[in-house]
$ cat start-v6.cif   # mmCIF, C-alpha atoms
data_query
loop_
_atom_site.group_PDB
_atom_site.id
_atom_site.type_symbol
_atom_site.label_atom_id
_atom_site.label_comp_id
_atom_site.auth_asym_id
_atom_site.auth_seq_id
_atom_site.Cartn_x
_atom_site.Cartn_y
_atom_site.Cartn_z
ATOM 1 C CA MET J 1329 -16.607 -27.391 -22.938
ATOM 2 C CA ASN J 1330 -14.142 -26.022 -25.523
ATOM 3 C CA GLU J 1331 -10.641 -26.923 -24.330
ATOM 4 C CA THR J 1332 -9.276 -23.625 -25.654
ATOM 5 C CA PHE J 1333 -11.605 -21.619 -23.411
ATOM 6 C CA PRO J 1334 -9.264 -19.781 -21.023
ATOM 7 C CA ARG J 1335 -9.269 -20.166 -17.284
ATOM 8 C CA MET J 1336 -11.226 -17.406 -15.548
ATOM 9 C CA ARG J 1337 -12.395 -16.411 -12.095
ATOM 10 C CA ILE J 1338 -16.046 -15.416 -12.507
ATOM 11 C CA GLY J 1339 -18.337 -13.992 -9.850
ATOM 12 C CA VAL J 1340 -21.988 -14.979 -10.093
ATOM 13 C CA ILE J 1341 -25.017 -13.236 -8.586
ATOM 14 C CA LEU J 1342 -28.079 -15.341 -9.382
ATOM 15 C CA ALA J 1343 -31.427 -15.689 -7.664
ATOM 16 C CA ASP J 1344 -31.908 -19.306 -8.714
ATOM 17 C CA PRO J 1345 -29.283 -21.758 -7.347
ATOM 18 C CA LEU J 1346 -30.212 -24.288 -10.039
ATOM 19 C CA ARG J 1347 -29.043 -21.826 -12.670
ATOM 20 C CA PHE J 1348 -25.680 -21.638 -10.933
ATOM 21 C CA GLN J 1349 -25.400 -25.416 -11.128
ATOM 22 C CA GLY J 1350 -26.080 -25.221 -14.843
ATOM 23 C CA LEU J 1351 -23.308 -22.660 -15.332
ATOM 24 C CA ALA J 1352 -20.943 -24.748 -13.220
ATOM 25 C CA ALA J 1353 -21.652 -27.770 -15.420
ATOM 26 C CA LEU J 1354 -21.012 -25.642 -18.505
ATOM 27 C CA PHE J 1355 -17.619 -24.417 -17.329
ATOM 28 C CA GLY J 1356 -16.425 -27.609 -15.672
ATOM 29 C CA ASP J 1357 -13.164 -27.323 -13.754
ATOM 30 C CA ARG J 1358 -11.469 -24.951 -16.205
ATOM 31 C CA THR J 1359 -13.072 -21.892 -14.608
ATOM 32 C CA GLU J 1360 -13.497 -20.862 -10.996
ATOM 33 C CA LEU J 1361 -17.164 -19.929 -10.615
ATOM 34 C CA LEU J 1362 -17.895 -18.053 -7.391
ATOM 35 C CA PRO J 1363 -21.427 -17.476 -6.068
ATOM 36 C CA MET J 1364 -21.463 -14.179 -4.200
ATOM 37 C CA LEU J 1365 -23.387 -11.219 -2.890
ATOM 38 C CA PRO J 1366 -23.050 -7.740 -4.416
ATOM 39 C CA THR J 1367 -20.847 -6.664 -1.496
ATOM 40 C CA ASP J 1368 -18.490 -9.566 -2.257
ATOM 41 C CA ALA J 1369 -18.192 -8.465 -5.888
ATOM 42 C CA VAL J 1370 -17.243 -4.945 -4.818
ATOM 43 C CA ARG J 1371 -14.439 -6.255 -2.613
ATOM 44 C CA ARG J 1372 -12.996 -8.765 -5.086
ATOM 45 C CA SER J 1373 -10.403 -7.280 -7.431
ATOM 46 C CA ASP J 1374 -9.431 -10.575 -9.057
ATOM 47 C CA LEU J 1375 -12.615 -11.296 -11.038
ATOM 48 C CA SER J 1376 -12.387 -11.750 -14.805
ATOM 49 C CA LEU J 1377 -16.044 -10.750 -14.961
ATOM 50 C CA LEU J 1378 -19.280 -10.785 -13.000
ATOM 51 C CA ILE J 1379 -22.434 -12.559 -14.170
ATOM 52 C CA LEU J 1380 -25.499 -10.697 -12.946
ATOM 53 C CA GLU J 1381 -29.069 -11.917 -13.330
ATOM 54 C CA ALA J 1382 -31.616 -9.398 -14.594
ATOM 55 C CA ALA J 1383 -34.117 -8.694 -11.799
ATOM 56 C CA ASP J 1384 -36.147 -5.832 -10.387
ATOM 57 C CA GLU J 1385 -33.067 -4.332 -8.739
ATOM 58 C CA LEU J 1386 -30.819 -4.703 -11.828
ATOM 59 C CA PHE J 1387 -30.367 -1.001 -12.560
ATOM 60 C CA ALA J 1388 -29.829 -0.164 -8.907
ATOM 61 C CA LEU J 1389 -27.078 -2.796 -8.757
ATOM 62 C CA LEU J 1390 -25.472 -1.543 -11.965
ATOM 63 C CA ALA J 1391 -25.504 1.984 -10.534
ATOM 64 C CA ALA J 1392 -23.916 0.779 -7.306
ATOM 65 C CA PHE J 1393 -21.197 -1.140 -9.143
ATOM 66 C CA ARG J 1394 -20.519 1.877 -11.356
ATOM 67 C CA ARG J 1395 -19.899 3.995 -8.260
ATOM 68 C CA ALA J 1396 -17.879 1.440 -6.290
ATOM 69 C CA ARG J 1397 -16.170 -0.605 -9.029
ATOM 70 C CA ALA J 1398 -16.259 1.330 -12.293
ATOM 71 C CA GLY J 1399 -13.903 -1.120 -14.000
ATOM 72 C CA LEU J 1400 -15.843 -4.271 -13.138
ATOM 73 C CA ARG J 1401 -16.863 -6.151 -16.281
ATOM 74 C CA ILE J 1402 -20.474 -7.227 -15.944
ATOM 75 C CA LEU J 1403 -22.446 -9.611 -18.136
ATOM 76 C CA VAL J 1404 -26.206 -9.571 -17.556
ATOM 77 C CA LEU J 1405 -28.332 -12.674 -18.103
ATOM 78 C CA GLY J 1406 -31.975 -11.928 -18.868
ATOM 79 C CA ASP J 1407 -35.170 -12.946 -20.615
ATOM 80 C CA SER J 1408 -35.885 -9.765 -22.567
ATOM 81 C CA SER J 1409 -35.101 -9.498 -26.275
ATOM 82 C CA ASP J 1410 -36.249 -5.868 -26.521
ATOM 83 C CA PRO J 1411 -33.402 -3.854 -28.117
ATOM 84 C CA ALA J 1412 -34.377 -0.707 -26.199
ATOM 85 C CA TYR J 1413 -34.181 -2.540 -22.857
ATOM 86 C CA ILE J 1414 -30.867 -4.182 -23.722
ATOM 87 C CA SER J 1415 -29.451 -0.836 -24.874
ATOM 88 C CA ARG J 1416 -30.492 0.627 -21.529
ATOM 89 C CA VAL J 1417 -28.707 -2.198 -19.705
ATOM 90 C CA VAL J 1418 -25.501 -1.534 -21.641
ATOM 91 C CA ALA J 1419 -25.843 2.216 -21.189
ATOM 92 C CA ALA J 1420 -26.241 1.655 -17.421
ATOM 93 C CA GLY J 1421 -22.815 0.052 -17.232
ATOM 94 C CA ALA J 1422 -23.036 -3.620 -18.242
ATOM 95 C CA LYS J 1423 -20.428 -4.818 -20.710
ATOM 96 C CA GLY J 1424 -22.775 -7.381 -22.151
ATOM 97 C CA TYR J 1425 -26.252 -8.860 -22.266
ATOM 98 C CA LEU J 1426 -26.994 -12.506 -22.929
ATOM 99 C CA PRO J 1427 -30.373 -14.273 -23.129
ATOM 100 C CA ARG J 1428 -30.754 -17.106 -20.630
ATOM 101 C CA ASN J 1429 -31.533 -19.499 -23.490
ATOM 102 C CA ALA J 1430 -28.293 -18.725 -25.344
ATOM 103 C CA SER J 1431 -26.356 -21.656 -26.768
ATOM 104 C CA ILE J 1432 -23.164 -22.922 -25.162
ATOM 105 C CA ALA J 1433 -21.145 -21.486 -28.045
ATOM 106 C CA GLU J 1434 -22.760 -18.056 -27.552
ATOM 107 C CA MET J 1435 -22.071 -18.176 -23.826
ATOM 108 C CA GLU J 1436 -18.416 -19.055 -24.340
ATOM 109 C CA MET J 1437 -17.967 -16.249 -26.853
ATOM 110 C CA ALA J 1438 -19.839 -13.714 -24.696
ATOM 111 C CA PHE J 1439 -17.827 -14.514 -21.575
ATOM 112 C CA GLN J 1440 -14.546 -14.156 -23.449
ATOM 113 C CA VAL J 1441 -15.545 -10.912 -25.186
ATOM 114 C CA VAL J 1442 -16.691 -9.287 -21.941
ATOM 115 C CA ALA J 1443 -13.631 -10.523 -20.029
ATOM 116 C CA ASP J 1444 -11.480 -8.894 -22.713
ATOM 117 C CA GLY J 1445 -13.211 -5.573 -22.090
ATOM 118 C CA SER J 1446 -15.405 -5.414 -25.192
ATOM 119 C CA ILE J 1447 -19.202 -5.220 -25.397
ATOM 120 C CA TRP J 1448 -21.384 -8.239 -26.137
ATOM 121 C CA ALA J 1449 -25.009 -7.753 -27.115
ATOM 122 C CA PRO J 1450 -27.384 -8.897 -29.856
ATOM 123 C CA ARG J 1451 -26.210 -7.720 -33.269
ATOM 124 C CA LYS J 1452 -29.186 -5.396 -33.698
ATOM 125 C CA VAL J 1453 -28.412 -3.619 -30.430
ATOM 126 C CA LEU J 1454 -24.718 -3.189 -31.245
ATOM 127 C CA ALA J 1455 -25.594 -1.870 -34.700
ATOM 128 C CA GLY J 1456 -27.933 0.684 -33.139
ATOM 129 C CA LEU J 1457 -25.324 1.879 -30.653
ATOM 130 C CA ILE J 1458 -22.683 2.155 -33.376
ATOM 131 C CA ASP J 1459 -25.058 4.059 -35.646
ATOM 132 C CA THR J 1460 -25.924 6.418 -32.800
ATOM 133 C CA LEU J 1461 -22.304 7.271 -32.156
ATOM 134 C CA SER J 1462 -21.209 7.401 -35.789
ATOM 135 C CA THR J 1463 -24.046 9.646 -36.966
ATOM 136 C CA THR J 1464 -23.840 12.096 -34.067
ATOM 137 C CA GLU J 1465 -22.256 15.371 -35.076
ATOM 138 C CA PRO J 1466 -18.848 15.722 -33.411
ATOM 139 C CA VAL J 1467 -18.584 18.195 -30.581
ATOM 140 C CA ARG J 1468 -15.613 20.478 -31.182
ATOM 141 C CA GLN J 1469 -15.553 21.756 -27.638
ATOM 142 C CA ARG J 1470 -16.434 20.061 -24.387
ATOM 143 C CA VAL J 1471 -20.132 20.493 -23.687
ATOM 144 C CA GLN J 1472 -20.739 22.537 -20.575
ATOM 145 C CA PHE J 1473 -23.569 21.695 -18.171
ATOM 146 C CA THR J 1474 -25.036 23.587 -15.277
ATOM 147 C CA PRO J 1475 -24.820 21.867 -11.878
ATOM 148 C CA ARG J 1476 -28.534 20.947 -12.108
ATOM 149 C CA GLU J 1477 -28.142 19.544 -15.629
ATOM 150 C CA ARG J 1478 -25.181 17.518 -14.425
ATOM 151 C CA GLU J 1479 -27.329 16.033 -11.642
ATOM 152 C CA VAL J 1480 -30.027 15.116 -14.163
ATOM 153 C CA LEU J 1481 -27.466 13.507 -16.478
ATOM 154 C CA GLN J 1482 -25.892 11.534 -13.661
ATOM 155 C CA LEU J 1483 -29.277 10.042 -12.765
ATOM 156 C CA LEU J 1484 -30.148 9.493 -16.421
ATOM 157 C CA VAL J 1485 -26.932 7.565 -16.976
ATOM 158 C CA LEU J 1486 -27.811 5.412 -13.970
ATOM 159 C CA GLY J 1487 -31.033 4.431 -15.725
ATOM 160 C CA SER J 1488 -33.448 6.464 -13.590
ATOM 161 C CA PRO J 1489 -36.846 7.316 -15.160
ATOM 162 C CA ASP J 1490 -38.149 10.910 -15.137
ATOM 163 C CA ARG J 1491 -40.310 10.270 -12.058
ATOM 164 C CA ASP J 1492 -37.346 9.108 -9.981
ATOM 165 C CA ILE J 1493 -35.133 11.936 -11.205
ATOM 166 C CA ALA J 1494 -37.811 14.451 -10.261
ATOM 167 C CA GLY J 1495 -38.215 12.932 -6.794
ATOM 168 C CA ALA J 1496 -34.478 12.809 -6.133
ATOM 169 C CA LEU J 1497 -33.905 16.425 -7.158
ATOM 170 C CA GLY J 1498 -37.121 17.965 -5.861
ATOM 171 C CA LEU J 1499 -38.344 18.907 -9.330
ATOM 172 C CA SER J 1500 -41.585 18.308 -11.178
ATOM 173 C CA VAL J 1501 -41.697 15.551 -13.788
ATOM 174 C CA ARG J 1502 -42.544 18.179 -16.411
ATOM 175 C CA THR J 1503 -39.428 20.169 -15.499
ATOM 176 C CA VAL J 1504 -37.253 17.068 -15.820
ATOM 177 C CA GLN J 1505 -38.792 16.204 -19.180
ATOM 178 C CA GLY J 1506 -38.099 19.723 -20.418
ATOM 179 C CA MET J 1507 -34.490 19.551 -19.258
ATOM 180 C CA VAL J 1508 -33.985 16.206 -20.977
ATOM 181 C CA ARG J 1509 -35.398 17.577 -24.248
ATOM 182 C CA ALA J 1510 -33.028 20.539 -24.001
ATOM 183 C CA LEU J 1511 -30.072 18.232 -23.352
ATOM 184 C CA LEU J 1512 -30.978 16.045 -26.330
ATOM 185 C CA LYS J 1513 -30.987 19.116 -28.550
ATOM 186 C CA ARG J 1514 -27.720 20.477 -27.178
ATOM 187 C CA VAL J 1515 -25.810 17.209 -27.510
ATOM 188 C CA GLY J 1516 -27.389 16.561 -30.903
ATOM 189 C CA VAL J 1517 -29.016 13.155 -30.401
ATOM 190 C CA SER J 1518 -32.593 12.024 -30.829
ATOM 191 C CA ASN J 1519 -33.391 9.861 -27.798
ATOM 192 C CA ARG J 1520 -32.473 9.177 -24.180
ATOM 193 C CA VAL J 1521 -30.495 5.991 -24.889
ATOM 194 C CA ALA J 1522 -28.404 7.838 -27.465
ATOM 195 C CA LEU J 1523 -27.854 10.680 -24.994
ATOM 196 C CA THR J 1524 -26.731 8.263 -22.287
ATOM 197 C CA VAL J 1525 -24.351 6.386 -24.584
ATOM 198 C CA TYR J 1526 -22.935 9.597 -26.039
ATOM 199 C CA VAL J 1527 -22.328 11.170 -22.626
ATOM 200 C CA MET J 1528 -20.566 7.993 -21.434
ATOM 201 C CA GLU J 1529 -18.447 7.596 -24.568
ATOM 202 C CA LYS J 1530 -17.351 11.243 -24.596
ATOM 203 C CA HIS J 1531 -16.794 11.360 -20.813
ATOM 204 C CA LEU J 1532 -18.904 14.502 -20.643
ATOM 205 C CA ILE J 1533 -19.617 13.913 -16.962
ATOM 206 C CA SER J 1534 -17.467 12.335 -14.308
#

$ encode --input "start-v6.cif" --output "structure tokens"
Amino acid sequence: MNETFPRMRIGVILADPLRFQGLAALFGDRTELLPMLPTDAVRRSDLSLLILEAADELFALLAAFRRARAGLRILVLGDSSDPAYISRVVAAGAKGYLPRNASIAEMEMAFQVVADGSIWAPRKVLAGLIDTLSTTEPVRQRVQFTPREREVLQLLVLGSPDRDIAGALGLSVRTVQGMVRALLKRVGVSNRVALTVYVMEKHLIS
């Protein structure tokens, strides 16, 4: 382990205990690695960051942490290399995404970057997010949404698909799809990931 790597207190939510042992071996005694449940992570205010394993409930957990601990810095470990999926993870509230097969050097750098409050993701994903924000026409006035549009955006930001949004709000899937298309046009972006990132960056919803 790099001796210059700073001491941290890192929460870990992993399904496989063997993976925790591997992380513990990586960090050695320079970092306090704490296995925990999601409820533990919500209560702890002294974590440098939280390592969260990508699983079926990933987006539900990210949504819950966003509501309960908006400032919690989360690094997701996963198997996917799909830029669209990783962008969705970041848009849902994670500060970083790291493949499980990342090198030790990549892990060290990712942990430090996320702990410092910056975003860590594959270069292609970061380039796409930057391009999305830099090429979007600036909004001179705060965009106004109807209460229903605000509900749709809140669920969209949480990573909910059209079917789940429709079920939660008592709408048809077609109605939701039409509202999303209208929101894309109004904000001036071309896809749902760009809309989510733009809304988050501009604080267009609470």

$ closest_residue --input "start-v6.cif" --among "J:Ala1412, J:Ala1430, J:Ala1369, J:Val1480" --to "Lys1452 in chain J" --atoms "only C-alpha atoms"
J:Ala1412

$ resolve_selection --input "start-v6.cif" --expression "the PyMOL selection byres ((chain J and resi 1482) around 12)" --output "VMD selection string"
chain J and resid 1391 1394 to 1395 1419 to 1420 1473 1475 to 1481 1483 to 1489 1493 1496 to 1497 1508 1523 to 1524 1527 to 1528 1531 to 1534

$ atom_distance --input "start-v6.cif" --atom1 "CA of Leu1400 in chain J" --atom2 "CA of Asp1490 in chain J"
27.1 Å

$ atom_distance --input "start-v6.cif" --atom1 "CA of Thr1474 in chain J" --atom2 "CA of Arg1416 in chain J"
24.4 Å

$ resolve_selection --input "start-v6.cif" --expression "the PyMOL selection byres ((chain J and resi 1432) around 12)" --output "VMD selection string"
chain J and resid 1329 to 1330 1333 1350 to 1351 1353 to 1355 1426 to 1431 1433 to 1439

$ resolve_selection --input "start-v6.cif" --expression "the PyMOL selection byres ((chain J and resi 1386) around 12)" --output "VMD selection string"
chain J and resid 1341 to 1343 1366 1379 to 1385 1387 to 1393 1402 to 1406 1413 to 1414 1416 to 1418 1420 to 1422 1486 to 1488

$ write_last_selection --input "start-v6.cif" --atoms "C-alpha atoms" --output "mmCIF file, in the coordinates of the input"
data_model
loop_
_atom_site.group_PDB
_atom_site.id
_atom_site.type_symbol
_atom_site.label_atom_id
_atom_site.label_comp_id
_atom_site.auth_asym_id
_atom_site.auth_seq_id
_atom_site.Cartn_x
_atom_site.Cartn_y
_atom_site.Cartn_z
ATOM 1 C CA ILE J 1341 -25.017 -13.236 -8.586
ATOM 2 C CA LEU J 1342 -28.079 -15.341 -9.382
ATOM 3 C CA ALA J 1343 -31.427 -15.689 -7.664
ATOM 4 C CA PRO J 1366 -23.050 -7.740 -4.416
ATOM 5 C CA ILE J 1379 -22.434 -12.559 -14.170
ATOM 6 C CA LEU J 1380 -25.499 -10.697 -12.946
ATOM 7 C CA GLU J 1381 -29.069 -11.917 -13.330
ATOM 8 C CA ALA J 1382 -31.616 -9.398 -14.594
ATOM 9 C CA ALA J 1383 -34.117 -8.694 -11.799
ATOM 10 C CA ASP J 1384 -36.147 -5.832 -10.387
ATOM 11 C CA GLU J 1385 -33.067 -4.332 -8.739
ATOM 12 C CA PHE J 1387 -30.367 -1.001 -12.560
ATOM 13 C CA ALA J 1388 -29.829 -0.164 -8.907
ATOM 14 C CA LEU J 1389 -27.078 -2.796 -8.757
ATOM 15 C CA LEU J 1390 -25.472 -1.543 -11.965
ATOM 16 C CA ALA J 1391 -25.504 1.984 -10.534
ATOM 17 C CA ALA J 1392 -23.916 0.779 -7.306
ATOM 18 C CA PHE J 1393 -21.197 -1.140 -9.143
ATOM 19 C CA ILE J 1402 -20.474 -7.227 -15.944
ATOM 20 C CA LEU J 1403 -22.446 -9.611 -18.136
ATOM 21 C CA VAL J 1404 -26.206 -9.571 -17.556
ATOM 22 C CA LEU J 1405 -28.332 -12.674 -18.103
ATOM 23 C CA GLY J 1406 -31.975 -11.928 -18.868
ATOM 24 C CA TYR J 1413 -34.181 -2.540 -22.857
ATOM 25 C CA ILE J 1414 -30.867 -4.182 -23.722
ATOM 26 C CA ARG J 1416 -30.492 0.627 -21.529
ATOM 27 C CA VAL J 1417 -28.707 -2.198 -19.705
ATOM 28 C CA VAL J 1418 -25.501 -1.534 -21.641
ATOM 29 C CA ALA J 1420 -26.241 1.655 -17.421
ATOM 30 C CA GLY J 1421 -22.815 0.052 -17.232
ATOM 31 C CA ALA J 1422 -23.036 -3.620 -18.242
ATOM 32 C CA LEU J 1486 -27.811 5.412 -13.970
ATOM 33 C CA GLY J 1487 -31.033 4.431 -15.725
ATOM 34 C CA SER J 1488 -33.448 6.464 -13.590
#

$ closest_residue --input "start-v6.cif" --among "J:Pro1450, J:Gly1495, J:Gly1445, J:Gly1424" --to "Ser1409 in chain J" --atoms "all atoms listed in the file"
J:Pro1450

$ residues_around --input "start-v6.cif" --residues "Arg1491 in chain J" --least-positions-apart "4" --cutoff "10 Å" --atoms "all atoms listed in the file" --output "ChimeraX atom specification"
/J:1495-1496,1499-1502,1504-1505

$ write_last_selection --input "start-v6.cif" --atoms "C-alpha atoms" --output "short mmCIF file (atom, residue, chain, number, x, y, z; two decimals), in the frame of the given file"
data_model
loop_
_atom_site.label_atom_id
_atom_site.label_comp_id
_atom_site.auth_asym_id
_atom_site.auth_seq_id
_atom_site.Cartn_x
_atom_site.Cartn_y
_atom_site.Cartn_z
CA GLY J 1495 -38.22 12.93 -6.79
CA ALA J 1496 -34.48 12.81 -6.13
CA LEU J 1499 -38.34 18.91 -9.33
CA SER J 1500 -41.58 18.31 -11.18
CA VAL J 1501 -41.70 15.55 -13.79
CA ARG J 1502 -42.54 18.18 -16.41
CA VAL J 1504 -37.25 17.07 -15.82
CA GLN J 1505 -38.79 16.20 -19.18
#

$ atom_distance --input "start-v6.cif" --atom1 "CA of Tyr1425 in chain J" --atom2 "CA of Asp1407 in chain J"
9.9 Å

$ residues_around --input "start-v6.cif" --residues "Asp1374 in chain J" --least-positions-apart "5" --cutoff "12 Å" --atoms "all atoms listed in the file" --output "ChimeraX atom specification"
/J:1336-1339,1360,1362,1368-1369,1399-1401,1443

$ axis_aligned_box --input "start-v6.cif" --around "range 1369-1378 of chain J" --padding-each-side "4 Å" --output "lines of an AutoDock Vina configuration file"
center_x = -14.4
center_y = -8.3
center_z = -8.8
size_x = 17.8
size_y = 14.8
size_z = 20.3

$ residues_near_point --input "start-v6.cif" --point "(-12.7, -2.4, -5.7)" --cutoff "8 Å" --atoms "all atoms listed in the file" --output "list in words"
Val1370, Arg1371, Arg1372, Ser1373, Ala1396 and Arg1397 of chain J

$ closest_residue --input "start-v6.cif" --among "J:Ala1449, J:Pro1363, J:Arg1514, J:Arg1520" --to "Asp1344 in chain J" --atoms "all atoms listed in the file"
J:Pro1363

$ decode --input "start-v6.cif" --residues "range 1348-1357 of chain J" --atoms "all heavy atoms" --output "compact mmCIF listing (two decimals), in the first residue's frame"
# COMPACT_ATOMS: atom_id res chain seq x y z
N PHE J 1348 -14.63 -8.12 1.08
CA PHE J 1348 -14.24 -7.22 2.16
C PHE J 1348 -12.82 -7.55 2.63
O PHE J 1348 -12.02 -6.65 2.90
CB PHE J 1348 -15.22 -7.33 3.33
CG PHE J 1348 -14.83 -6.48 4.51
CD1 PHE J 1348 -15.19 -5.15 4.56
CD2 PHE J 1348 -14.10 -7.03 5.56
CE1 PHE J 1348 -14.83 -4.36 5.64
CE2 PHE J 1348 -13.73 -6.24 6.63
CZ PHE J 1348 -14.09 -4.90 6.68
N GLN J 1349 -12.53 -8.84 2.75
CA GLN J 1349 -11.19 -9.23 3.18
C GLN J 1349 -10.14 -8.75 2.20
O GLN J 1349 -9.05 -8.33 2.59
CB GLN J 1349 -11.13 -10.75 3.33
CG GLN J 1349 -11.99 -11.29 4.47
CD GLN J 1349 -11.99 -12.81 4.54
OE1 GLN J 1349 -11.17 -13.47 3.89
NE2 GLN J 1349 -12.89 -13.38 5.32
N GLY J 1350 -10.48 -8.79 0.91
CA GLY J 1350 -9.55 -8.30 -0.09
C GLY J 1350 -9.30 -6.80 0.06
O GLY J 1350 -8.15 -6.34 -0.05
N LEU J 1351 -10.35 -6.03 0.31
CA LEU J 1351 -10.19 -4.60 0.52
C LEU J 1351 -9.38 -4.32 1.78
O LEU J 1351 -8.54 -3.42 1.81
CB LEU J 1351 -11.55 -3.93 0.60
CG LEU J 1351 -12.34 -3.79 -0.70
CD1 LEU J 1351 -13.73 -3.24 -0.40
CD2 LEU J 1351 -11.62 -2.89 -1.68
N ALA J 1352 -9.64 -5.10 2.82
CA ALA J 1352 -8.91 -4.91 4.08
C ALA J 1352 -7.42 -5.16 3.87
O ALA J 1352 -6.57 -4.45 4.41
CB ALA J 1352 -9.47 -5.85 5.15
N ALA J 1353 -7.10 -6.18 3.07
CA ALA J 1353 -5.69 -6.47 2.79
C ALA J 1353 -5.07 -5.34 1.98
O ALA J 1353 -3.90 -5.00 2.16
CB ALA J 1353 -5.58 -7.80 2.03
N LEU J 1354 -5.86 -4.75 1.08
CA LEU J 1354 -5.36 -3.65 0.27
C LEU J 1354 -5.01 -2.44 1.13
O LEU J 1354 -3.95 -1.84 0.99
CB LEU J 1354 -6.43 -3.26 -0.77
CG LEU J 1354 -6.21 -1.93 -1.51
CD1 LEU J 1354 -4.97 -2.00 -2.38
CD2 LEU J 1354 -7.44 -1.59 -2.34
N PHE J 1355 -5.89 -2.09 2.05
CA PHE J 1355 -5.69 -0.89 2.86
C PHE J 1355 -4.72 -1.10 4.01
O PHE J 1355 -4.08 -0.15 4.45
CB PHE J 1355 -7.04 -0.42 3.41
CG PHE J 1355 -7.88 0.31 2.40
CD1 PHE J 1355 -8.93 -0.33 1.79
CD2 PHE J 1355 -7.59 1.61 2.06
CE1 PHE J 1355 -9.71 0.32 0.86
CE2 PHE J 1355 -8.36 2.27 1.13
CZ PHE J 1355 -9.42 1.64 0.53
N GLY J 1356 -4.62 -2.33 4.52
CA GLY J 1356 -3.77 -2.55 5.67
C GLY J 1356 -4.31 -1.83 6.89
O GLY J 1356 -5.51 -1.66 7.05
N ASP J 1357 -3.40 -1.37 7.75
CA ASP J 1357 -3.84 -0.72 8.99
C ASP J 1357 -3.86 0.79 8.89
O ASP J 1357 -4.04 1.49 9.89
CB ASP J 1357 -2.96 -1.16 10.17
CG ASP J 1357 -1.49 -0.83 9.93
OD1 ASP J 1357 -1.17 -0.22 8.89
OD2 ASP J 1357 -0.67 -1.18 10.81
